[in-house]
$ cat work.txt   # compact mmCIF, C-alpha atoms
# COMPACT_ATOMS: atom_id res chain seq x y z
CA MET A 554 -0.30 -14.96 -2.52
CA GLY A 555 2.75 -16.03 -0.59
CA LYS A 556 2.43 -17.19 2.98
CA GLU A 557 5.07 -16.16 5.44
CA ILE A 558 5.72 -18.60 8.28
CA GLU A 559 8.49 -17.52 10.59
CA ARG A 560 9.75 -17.50 14.13
CA LYS A 561 11.49 -14.51 15.70
CA PHE A 562 13.97 -14.38 18.58
CA LEU A 563 16.11 -11.87 20.41
CA VAL A 564 19.89 -12.18 19.99
CA LYS A 565 21.93 -12.61 23.14
CA ASP A 566 25.57 -12.25 22.03
CA ASN A 567 27.84 -11.24 19.12
CA SER A 568 29.25 -14.66 18.21
CA TRP A 569 27.47 -14.60 14.80
CA ARG A 570 29.03 -11.33 13.60
CA ALA A 571 32.03 -12.62 11.66
CA GLN A 572 29.85 -14.67 9.28
CA ASP A 573 28.28 -11.94 7.07
CA ALA A 574 29.04 -8.31 6.24
CA GLY A 575 25.35 -7.36 6.22
CA LYS A 576 23.19 -5.21 3.93
CA ARG A 577 21.56 -1.87 4.68
CA TYR A 578 17.77 -1.86 4.67
CA ARG A 579 15.73 1.33 4.67
CA GLN A 580 12.00 0.92 4.96
CA GLY A 581 8.86 2.84 5.74
CA TYR A 582 5.15 2.20 5.94
CA LEU A 583 2.18 3.48 3.96
CA SER A 584 -0.04 1.55 6.39
CA THR A 585 0.84 0.18 9.82
CA VAL A 586 -2.71 -1.10 10.47
CA LYS A 587 -2.15 -4.73 11.45
CA GLU A 588 -4.87 -6.12 9.14
CA ARG A 589 -3.13 -4.58 6.10
CA THR A 590 0.42 -3.29 6.43
CA VAL A 591 2.03 -1.74 3.33
CA ARG A 592 5.83 -1.46 3.38
CA VAL A 593 8.26 0.32 1.05
CA ARG A 594 11.80 -1.06 1.31
CA THR A 595 15.13 -0.44 -0.36
CA VAL A 596 17.95 -3.00 -0.21
CA GLY A 597 21.04 -1.85 -2.11
CA ASP A 598 19.91 -1.09 -5.68
CA LYS A 599 16.60 -2.94 -5.38
CA ALA A 600 13.26 -1.80 -3.97
CA TYR A 601 10.06 -3.58 -3.03
CA LEU A 602 6.48 -2.84 -2.09
CA THR A 603 5.14 -5.45 0.32
CA ILE A 604 1.62 -5.98 1.62
CA LYS A 605 0.95 -8.23 4.58
CA GLY A 606 -2.27 -9.31 6.22
CA ILE A 607 -2.89 -10.32 9.79
CA THR A 608 -0.78 -12.98 11.49
CA VAL A 609 -2.63 -16.19 12.34
CA GLY A 610 -0.37 -18.42 14.43
CA ALA A 611 3.10 -18.04 12.89
CA SER A 612 1.66 -17.57 9.36
CA ARG A 613 0.83 -14.38 7.48
CA PRO A 614 -0.40 -13.64 3.92
CA GLU A 615 2.18 -11.64 1.95
CA TYR A 616 2.33 -10.00 -1.47
CA GLU A 617 5.61 -8.48 -2.71
CA TYR A 618 6.35 -6.52 -5.88
CA GLU A 619 9.64 -5.08 -7.09
CA ILE A 620 9.37 -1.36 -7.87
CA PRO A 621 11.84 1.26 -9.18
CA VAL A 622 14.32 2.41 -6.52
CA ALA A 623 13.65 6.06 -7.45
CA ASP A 624 9.94 5.62 -6.69
CA ALA A 625 10.75 3.90 -3.39
CA ASN A 626 13.13 6.66 -2.31
CA GLU A 627 10.52 9.34 -3.11
CA MET A 628 7.87 7.46 -1.15
CA LEU A 629 10.26 6.93 1.77
CA ASP A 630 11.29 10.59 1.78
CA GLN A 631 7.85 12.11 1.21
CA LEU A 632 4.94 9.74 1.87
CA CYS A 633 5.79 7.12 4.50
CA GLU A 634 4.99 7.38 8.20
CA ARG A 635 7.77 8.61 10.45
CA PRO A 636 10.22 7.48 11.68
CA LEU A 637 11.60 5.23 8.94
CA ILE A 638 13.05 1.89 9.98
CA GLU A 639 16.76 1.58 9.25
CA LYS A 640 18.66 -1.58 9.91
CA THR A 641 21.47 -3.83 8.77
CA ARG A 642 20.43 -7.35 7.90
CA TYR A 643 22.88 -10.24 8.25
CA ARG A 644 22.16 -13.69 6.79
CA ILE A 645 23.57 -16.57 8.78
CA GLN A 646 23.36 -20.28 7.87
CA HIS A 647 22.76 -22.69 10.74
CA ASP A 648 21.87 -26.38 10.51
CA GLY A 649 20.36 -26.06 7.02
CA LEU A 650 18.27 -22.96 7.76
CA VAL A 651 18.94 -19.30 6.97
CA TRP A 652 18.64 -16.86 9.86
CA GLU A 653 18.10 -13.16 9.22
CA ILE A 654 19.56 -11.01 11.96
CA ASP A 655 18.32 -7.40 11.98
CA GLU A 656 20.42 -4.83 13.82
CA PHE A 657 18.29 -1.70 14.05
CA LYS A 658 19.55 1.90 13.83
CA GLY A 659 18.08 5.29 14.61
CA GLU A 660 15.13 5.31 17.00
CA ASN A 661 15.27 1.51 17.24
CA ARG A 662 18.99 1.27 18.00
CA GLY A 663 19.88 -1.39 20.54
CA LEU A 664 17.35 -3.85 19.17
CA ILE A 665 18.70 -6.98 17.45
CA THR A 666 16.30 -9.70 16.29
CA ALA A 667 16.80 -13.02 14.48
CA GLU A 668 14.15 -14.54 12.23
CA VAL A 669 13.97 -17.91 10.55
CA GLU A 670 11.51 -18.70 7.78
CA LEU A 671 9.88 -22.13 7.91
CA LYS A 672 8.05 -24.40 5.49
CA ASP A 673 5.35 -25.18 8.02
CA GLU A 674 4.48 -24.10 11.52
CA HIS A 675 5.59 -27.33 13.18
CA GLN A 676 9.01 -27.66 11.52
CA PHE A 677 11.84 -28.48 13.96
CA VAL A 678 14.30 -25.63 14.41
CA ALA A 679 17.80 -26.20 15.84
CA LEU A 680 18.47 -22.98 17.74
CA PRO A 681 21.94 -21.40 17.30
CA ALA A 682 23.84 -20.65 20.54
CA TRP A 683 23.42 -16.87 20.05
CA VAL A 684 19.61 -17.09 20.00
CA GLY A 685 17.81 -15.76 23.08
CA GLU A 686 14.19 -15.32 24.06
CA GLU A 687 11.53 -16.16 21.45
CA VAL A 688 9.31 -13.20 20.54
CA THR A 689 7.25 -14.73 17.68
CA GLY A 690 3.83 -13.11 17.70
CA ASP A 691 4.79 -10.34 20.16
CA PRO A 692 3.38 -7.29 18.34
CA ARG A 693 5.94 -4.89 19.85
CA TYR A 694 8.59 -6.46 17.60
CA PHE A 695 6.60 -6.20 14.35
CA ASN A 696 8.58 -3.73 12.24
CA ALA A 697 5.32 -1.86 11.50
CA ASN A 698 4.90 -1.27 15.25
CA LEU A 699 8.51 -0.08 15.64
CA VAL A 700 7.39 3.07 13.78
CA ALA A 701 4.85 4.37 16.34
CA LYS A 702 6.67 2.78 19.32
CA PRO A 703 10.41 2.60 18.58
CA PHE A 704 12.62 0.45 20.83
CA THR A 705 14.40 3.43 22.43
CA LYS A 706 11.00 4.58 23.81
CA TRP A 707 9.90 1.27 25.37
CA MET B 592 6.57 9.59 -9.75
CA GLY B 593 3.61 10.56 -11.82
CA LYS B 594 1.64 13.69 -10.98
CA GLU B 595 -2.10 13.59 -11.31
CA ILE B 596 -3.76 16.91 -12.17
CA GLU B 597 -7.50 16.65 -12.59
CA ARG B 598 -10.82 18.38 -12.15
CA LYS B 599 -13.95 16.60 -10.98
CA PHE B 600 -17.59 17.47 -11.57
CA LEU B 601 -21.02 16.05 -10.89
CA VAL B 602 -23.04 14.85 -13.88
CA LYS B 603 -26.44 16.42 -14.41
CA ASP B 604 -28.09 14.34 -17.15
CA ASN B 605 -27.80 11.15 -19.23
CA SER B 606 -26.99 12.68 -22.62
CA TRP B 607 -23.47 11.14 -22.60
CA ARG B 608 -24.61 7.53 -22.17
CA ALA B 609 -24.78 6.37 -25.81
CA GLN B 610 -21.08 7.13 -26.38
CA ASP B 611 -19.34 4.30 -24.47
CA ALA B 612 -20.38 0.88 -23.13
CA GLY B 613 -18.30 1.31 -19.96
CA LYS B 614 -15.97 -0.98 -18.02
CA ARG B 615 -16.48 -2.47 -14.57
CA TYR B 616 -14.04 -1.31 -11.90
CA ARG B 617 -13.72 -3.03 -8.54
CA GLN B 618 -11.42 -1.39 -6.04
CA GLY B 619 -10.54 -1.36 -2.39
CA TYR B 620 -8.12 0.38 -0.08
CA LEU B 621 -5.23 -0.83 2.04
CA SER B 622 -4.94 2.73 3.37
CA THR B 623 -7.50 5.52 3.20
CA VAL B 624 -5.31 7.96 5.17
CA LYS B 625 -5.21 11.04 2.95
CA GLU B 626 -1.44 11.53 3.19
CA ARG B 627 -0.87 8.03 1.74
CA THR B 628 -3.77 6.17 0.13
CA VAL B 629 -3.10 2.67 -1.22
CA ARG B 630 -5.63 1.32 -3.71
CA VAL B 631 -6.07 -2.16 -5.23
CA ARG B 632 -8.10 -2.07 -8.45
CA THR B 633 -9.24 -4.57 -11.06
CA VAL B 634 -10.36 -3.46 -14.52
CA GLY B 635 -11.34 -6.40 -16.72
CA ASP B 636 -8.34 -8.77 -16.79
CA LYS B 637 -5.86 -6.19 -15.46
CA ALA B 638 -5.07 -5.16 -11.91
CA TYR B 639 -3.15 -2.29 -10.37
CA LEU B 640 -1.75 -1.16 -7.05
CA THR B 641 -1.80 2.62 -6.78
CA ILE B 642 -0.32 4.88 -4.13
CA LYS B 643 -1.30 8.52 -3.90
CA GLY B 644 -0.05 11.31 -1.68
CA ILE B 645 -1.85 14.40 -0.52
CA THR B 646 -3.61 16.69 -2.98
CA VAL B 647 -2.03 20.15 -3.30
CA GLY B 648 -4.29 22.34 -5.45
CA ALA B 649 -5.54 20.04 -8.23
CA SER B 650 -2.27 18.04 -8.26
CA ARG B 651 -1.38 14.82 -6.44
CA PRO B 652 1.70 12.54 -6.45
CA GLU B 653 0.83 9.09 -7.79
CA TYR B 654 2.66 5.75 -8.20
CA GLU B 655 0.99 2.89 -10.05
CA TYR B 656 2.13 -0.70 -10.59
CA GLU B 657 0.44 -3.51 -12.50
CA ILE B 658 0.02 -6.63 -10.37
CA PRO B 659 -1.44 -10.12 -11.01
CA VAL B 660 -5.27 -10.12 -11.05
CA ALA B 661 -5.31 -13.17 -8.76
CA ASP B 662 -3.34 -11.22 -6.12
CA ALA B 663 -5.66 -8.23 -6.50
CA ASN B 664 -8.80 -10.35 -6.09
CA GLU B 665 -7.38 -11.99 -2.95
CA MET B 666 -6.49 -8.60 -1.47
CA LEU B 667 -9.92 -7.19 -2.40
CA ASP B 668 -11.71 -10.21 -0.90
CA GLN B 669 -9.57 -10.60 2.22
CA LEU B 670 -7.47 -7.55 3.09
CA CYS B 671 -9.03 -4.30 1.90
CA GLU B 672 -11.21 -2.02 4.00
CA ARG B 673 -14.98 -2.45 3.62
CA PRO B 674 -17.04 -1.61 1.66
CA LEU B 675 -15.28 -2.04 -1.67
CA ILE B 676 -15.93 0.60 -4.33
CA GLU B 677 -17.69 -0.77 -7.40
CA LYS B 678 -18.41 1.38 -10.39
CA THR B 679 -18.69 1.45 -14.16
CA ARG B 680 -16.32 3.85 -15.88
CA TYR B 681 -17.26 5.43 -19.21
CA ARG B 682 -14.69 7.31 -21.32
CA ILE B 683 -16.12 10.18 -23.32
CA GLN B 684 -14.21 12.43 -25.74
CA HIS B 685 -15.11 16.11 -25.71
CA ASP B 686 -13.25 18.96 -27.37
CA GLY B 687 -9.92 17.10 -27.43
CA LEU B 688 -10.07 15.92 -23.82
CA VAL B 689 -11.06 12.54 -22.37
CA TRP B 690 -13.66 12.58 -19.62
CA GLU B 691 -13.99 9.64 -17.25
CA ILE B 692 -17.52 9.25 -15.94
CA ASP B 693 -17.84 7.00 -12.89
CA GLU B 694 -21.27 5.57 -12.13
CA PHE B 695 -21.05 4.05 -8.66
CA LYS B 696 -22.82 0.88 -7.47
CA GLY B 697 -23.49 -0.68 -4.10
CA GLU B 698 -23.28 1.66 -1.12
CA ASN B 699 -22.36 4.56 -3.41
CA ARG B 700 -25.21 4.04 -5.91
CA GLY B 701 -26.75 7.26 -7.17
CA LEU B 702 -23.39 9.01 -7.38
CA ILE B 703 -22.08 9.86 -10.86
CA THR B 704 -18.89 11.92 -11.25
CA ALA B 705 -16.92 13.11 -14.26
CA GLU B 706 -13.17 13.70 -14.17
CA VAL B 707 -10.85 15.22 -16.69
CA GLU B 708 -7.07 14.89 -16.48
CA LEU B 709 -5.06 18.01 -17.35
CA LYS B 710 -1.50 18.77 -18.34
CA ASP B 711 -1.33 21.72 -15.97
CA GLU B 712 -3.59 23.30 -13.40
CA HIS B 713 -4.45 26.35 -15.50
CA GLN B 714 -5.36 24.52 -18.73
CA PHE B 715 -8.63 25.72 -20.32
CA VAL B 716 -11.41 23.11 -20.16
CA ALA B 717 -14.48 23.31 -22.42
CA LEU B 718 -17.24 21.86 -20.24
CA PRO B 719 -19.63 19.39 -21.90
CA ALA B 720 -23.37 20.17 -21.56
CA TRP B 721 -23.91 17.23 -19.18
CA VAL B 722 -21.36 18.55 -16.65
CA GLY B 723 -22.81 20.00 -13.44
CA GLU B 724 -21.30 21.39 -10.24
CA GLU B 725 -17.52 21.26 -9.86
CA VAL B 726 -16.36 19.22 -6.83
CA THR B 727 -12.57 19.27 -7.38
CA GLY B 728 -10.89 19.18 -3.98
CA ASP B 729 -14.09 18.29 -2.07
CA PRO B 730 -12.84 15.40 0.07
CA ARG B 731 -16.29 13.74 0.28
CA TYR B 732 -15.89 12.75 -3.36
CA PHE B 733 -12.42 11.18 -3.01
CA ASN B 734 -12.95 7.47 -3.71
CA ALA B 735 -10.92 6.67 -0.58
CA ASN B 736 -13.48 8.62 1.47
CA LEU B 737 -16.42 6.86 -0.19
CA VAL B 738 -15.37 3.78 1.81
CA ALA B 739 -15.95 5.15 5.32
CA LYS B 740 -18.73 7.54 4.20
CA PRO B 741 -20.53 6.08 1.18
CA PHE B 742 -22.87 8.33 -0.84
CA THR B 743 -26.06 6.54 0.31
CA LYS B 744 -25.22 7.57 3.90
CA TRP B 745 -24.61 11.29 3.26
$ encode --input "work.txt" --output "structure tokens"
Amino acid sequence: MGKEIERKFLVKDNSWRAQDAGKRYRQGYLSTVKERTVRVRTVGDKAYLTIKGITVGASRPEYEYEIPVADANEMLDQLCERPLIEKTRYRIQHDGLVWEIDEFKGENRGLITAEVELKDEHQFVALPAWVGEEVTGDPRYFNANLVAKPFTKW
Amino acid sequence: MGKEIERKFLVKDNSWRAQDAGKRYRQGYLSTVKERTVRVRTVGDKAYLTIKGITVGASRPEYEYEIPVADANEMLDQLCERPLIEKTRYRIQHDGLVWEIDEFKGENRGLITAEVELKDEHQFVALPAWVGEEVTGDPRYFNANLVAKPFTKW
């Protein structure tokens, strides 16, 4: 098992945009139940099946397996809950950490979040100037919850 | 994608028992929603993650990936819905086809089913003498449904 420890923030300006061209992510869920989410994701010519357990503090059990892109596209098109989550992910370096900025499309357009993965829950994080309100642990921002309650319907 | 085409029957006597020693299966579900079931299964020293779509006729889309047994055991112990499904599977040859007989344990004890996988839905099947009532398509017998409604509670 991997353990995912991360903090999530809203993004308050566009000053980070010049630093990365971004990659398109397309993902859907076979389960959005919080105790056991199952995600299918394509990123370019790669695809992954990812299982996550429940978040305790900022930490969450995670299992990820690479799968054939053709399988992932079939599952996204035919099996996954609707709507799919579509977003562009930008990776930005700041003070020795990598930030992942997700700019959502479709029914979640307008939402931009920034996540940073940590080694432990108490690690110091130097916040970039473009980082806004912290939303770590706010279930509305879990991607699995953006399926049933997309940002444009909040 | 694979396509699973199979017929399922109850088993009416023990005349098949001498033919195979059987293997222990332990499995649980990350989703039991019929449109998208997600199963974690261990068989001896192997483990699999299997996604199935909805059954149309006797046919069902299926995606299966081998995963590390340690991951599977963690997911079975910590993430999957309760109860787990535990059974011994026996493989019996009859008239050129392989029958899989599942003898359930735990909360599904007393249930014994026999499945045969077919190349197409209209293939002729010579039924062994120990085969009883056909239950193909009866949702009570889907393993995913034996979690919420185990056989001992019917």
$ residues_around --input "work.txt" --residues "Gly649 (chain A)" --least-positions-apart "2" --cutoff "10 Å" --atoms "all atoms listed in the file" --output "list in words"
Gln646, His647, Val651, Trp652, Val678 and Ala679 of chain A
$ write_last_selection --input "work.txt" --atoms "C-alpha atoms" --output "PDB file, keeping the file's coordinate frame"
ATOM      1  CA  GLN A 646      23.360 -20.280   7.870  1.00  0.00           C
ATOM      2  CA  HIS A 647      22.760 -22.690  10.740  1.00  0.00           C
ATOM      3  CA  VAL A 651      18.940 -19.300   6.970  1.00  0.00           C
ATOM      4  CA  TRP A 652      18.640 -16.860   9.860  1.00  0.00           C
ATOM      5  CA  VAL A 678      14.300 -25.630  14.410  1.00  0.00           C
ATOM      6  CA  ALA A 679      17.800 -26.200  15.840  1.00  0.00           C
TER       7      ALA A 679
END
$ atom_distance --input "work.txt" --atom1 "CA of Thr679 (chain B)" --atom2 "CA of Arg589 (chain A)"
26.2 Å
$ closest_residue --input "work.txt" --among "A:Lys565, A:Lys658, A:Arg592, A:Arg577" --to "chain B" --atoms "all atoms listed in the file"
A:Arg592
$ closest_residue --input "work.txt" --among "B:Gly613, B:Asn605, B:Ile703, B:Phe695" --to "Ala720 (chain B)" --atoms "all atoms listed in the file"
B:Asn605
$ residues_around --input "work.txt" --residues "His713 (chain B)" --least-positions-apart "3" --cutoff "12 Å" --atoms "all atoms listed in the file" --output "PyMOL selection string"
chain B and resi 596-598+648-650+708-710+716
$ closest_residue --input "work.txt" --among "B:Glu595, B:Asp604, B:Glu672, B:Glu677" --to "Tyr616 (chain B)" --atoms "all atoms listed in the file"
B:Glu677
$ residues_around --input "work.txt" --residues "Lys640 (chain A)" --least-positions-apart "2" --cutoff "12 Å" --atoms "only C-alpha atoms" --output "VMD selection string"
chain A and resid 575 to 581 594 to 596 637 to 638 642 to 643 653 to 666 696 699
$ closest_atom_pairs --input "work.txt" --of "chain B" --to "chain A" --cutoff "12 Å" --atoms "all atoms listed in the file" --output "CSV"
residue,atom,partner,partner_atom,distance
B:Met592,CA,A:Asp624,CA,6.0
B:Gly593,CA,A:Asp624,CA,9.5
B:Gly619,CA,A:Arg589,CA,11.7
B:Tyr620,CA,A:Arg589,CA,9.4
B:Leu621,CA,A:Arg589,CA,5.9
B:Ser622,CA,A:Ser584,CA,5.9
B:Thr623,CA,A:Ser584,CA,9.0
B:Val624,CA,A:Ser584,CA,8.4
B:Lys625,CA,A:Leu632,CA,10.3
B:Glu626,CA,A:Leu632,CA,6.8
B:Arg627,CA,A:Leu583,CA,5.9
B:Thr628,CA,A:Leu583,CA,7.6
B:Val629,CA,A:Leu583,CA,7.4
B:Arg630,CA,A:Val591,CA,10.8
B:Val631,CA,A:Ile604,CA,11.0
B:Tyr639,CA,A:Tyr618,CA,11.3
B:Leu640,CA,A:Leu602,CA,9.8
B:Thr641,CA,A:Leu602,CA,11.0
B:Ile642,CA,A:Leu583,CA,8.6
B:Lys643,CA,A:Leu632,CA,8.6
B:Gly644,CA,A:Leu632,CA,6.3
B:Ile645,CA,A:Leu632,CA,8.6
B:Arg651,CA,A:Leu632,CA,11.6
B:Pro652,CA,A:Leu632,CA,9.4
B:Glu653,CA,A:Asp624,CA,9.8
B:Tyr654,CA,A:Asp624,CA,7.4
B:Glu655,CA,A:Ile620,CA,9.6
B:Tyr656,CA,A:Ile620,CA,7.8
B:Glu657,CA,A:Tyr618,CA,9.4
B:Ile658,CA,A:Tyr618,CA,7.8
B:Pro659,CA,A:Met554,CA,9.8
B:Val660,CA,A:Met554,CA,11.0
B:Ala661,CA,A:Met554,CA,8.2
B:Asp662,CA,A:Met554,CA,6.0
B:Ala663,CA,A:Met554,CA,9.5
B:Asn664,CA,A:Met554,CA,10.3
B:Glu665,CA,A:Met554,CA,7.7
B:Met666,CA,A:Gly606,CA,8.8
B:Leu667,CA,A:Arg589,CA,11.2
B:Asp668,CA,A:Gly606,CA,11.9
B:Gln669,CA,A:Gly606,CA,8.4
B:Leu670,CA,A:Arg589,CA,6.1
B:Cys671,CA,A:Arg589,CA,7.2
B:Glu672,CA,A:Arg589,CA,8.7
$ atom_distance --input "work.txt" --atom1 "CA of Asp611 (chain B)" --atom2 "CA of Val722 (chain B)"
16.4 Å
$ atom_distance --input "work.txt" --atom1 "CA of Phe695 (chain A)" --atom2 "CA of Asn736 (chain B)"
28.1 Å
$ closest_residue --input "work.txt" --among "B:Leu688, B:Ala739, B:Ala705, B:Leu718" --to "Leu601 (chain B)" --atoms "all atoms listed in the file"
B:Ala705
$ closest_residue --input "work.txt" --among "B:Glu712, B:Ala609, B:Lys740, B:Pro674" --to "Val647 (chain B)" --atoms "all atoms listed in the file"
B:Glu712
$ closest_residue --input "work.txt" --among "B:Trp721, B:Phe715, B:Lys594, B:Glu706" --to "Trp607 (chain B)" --atoms "all atoms listed in the file"
B:Trp721
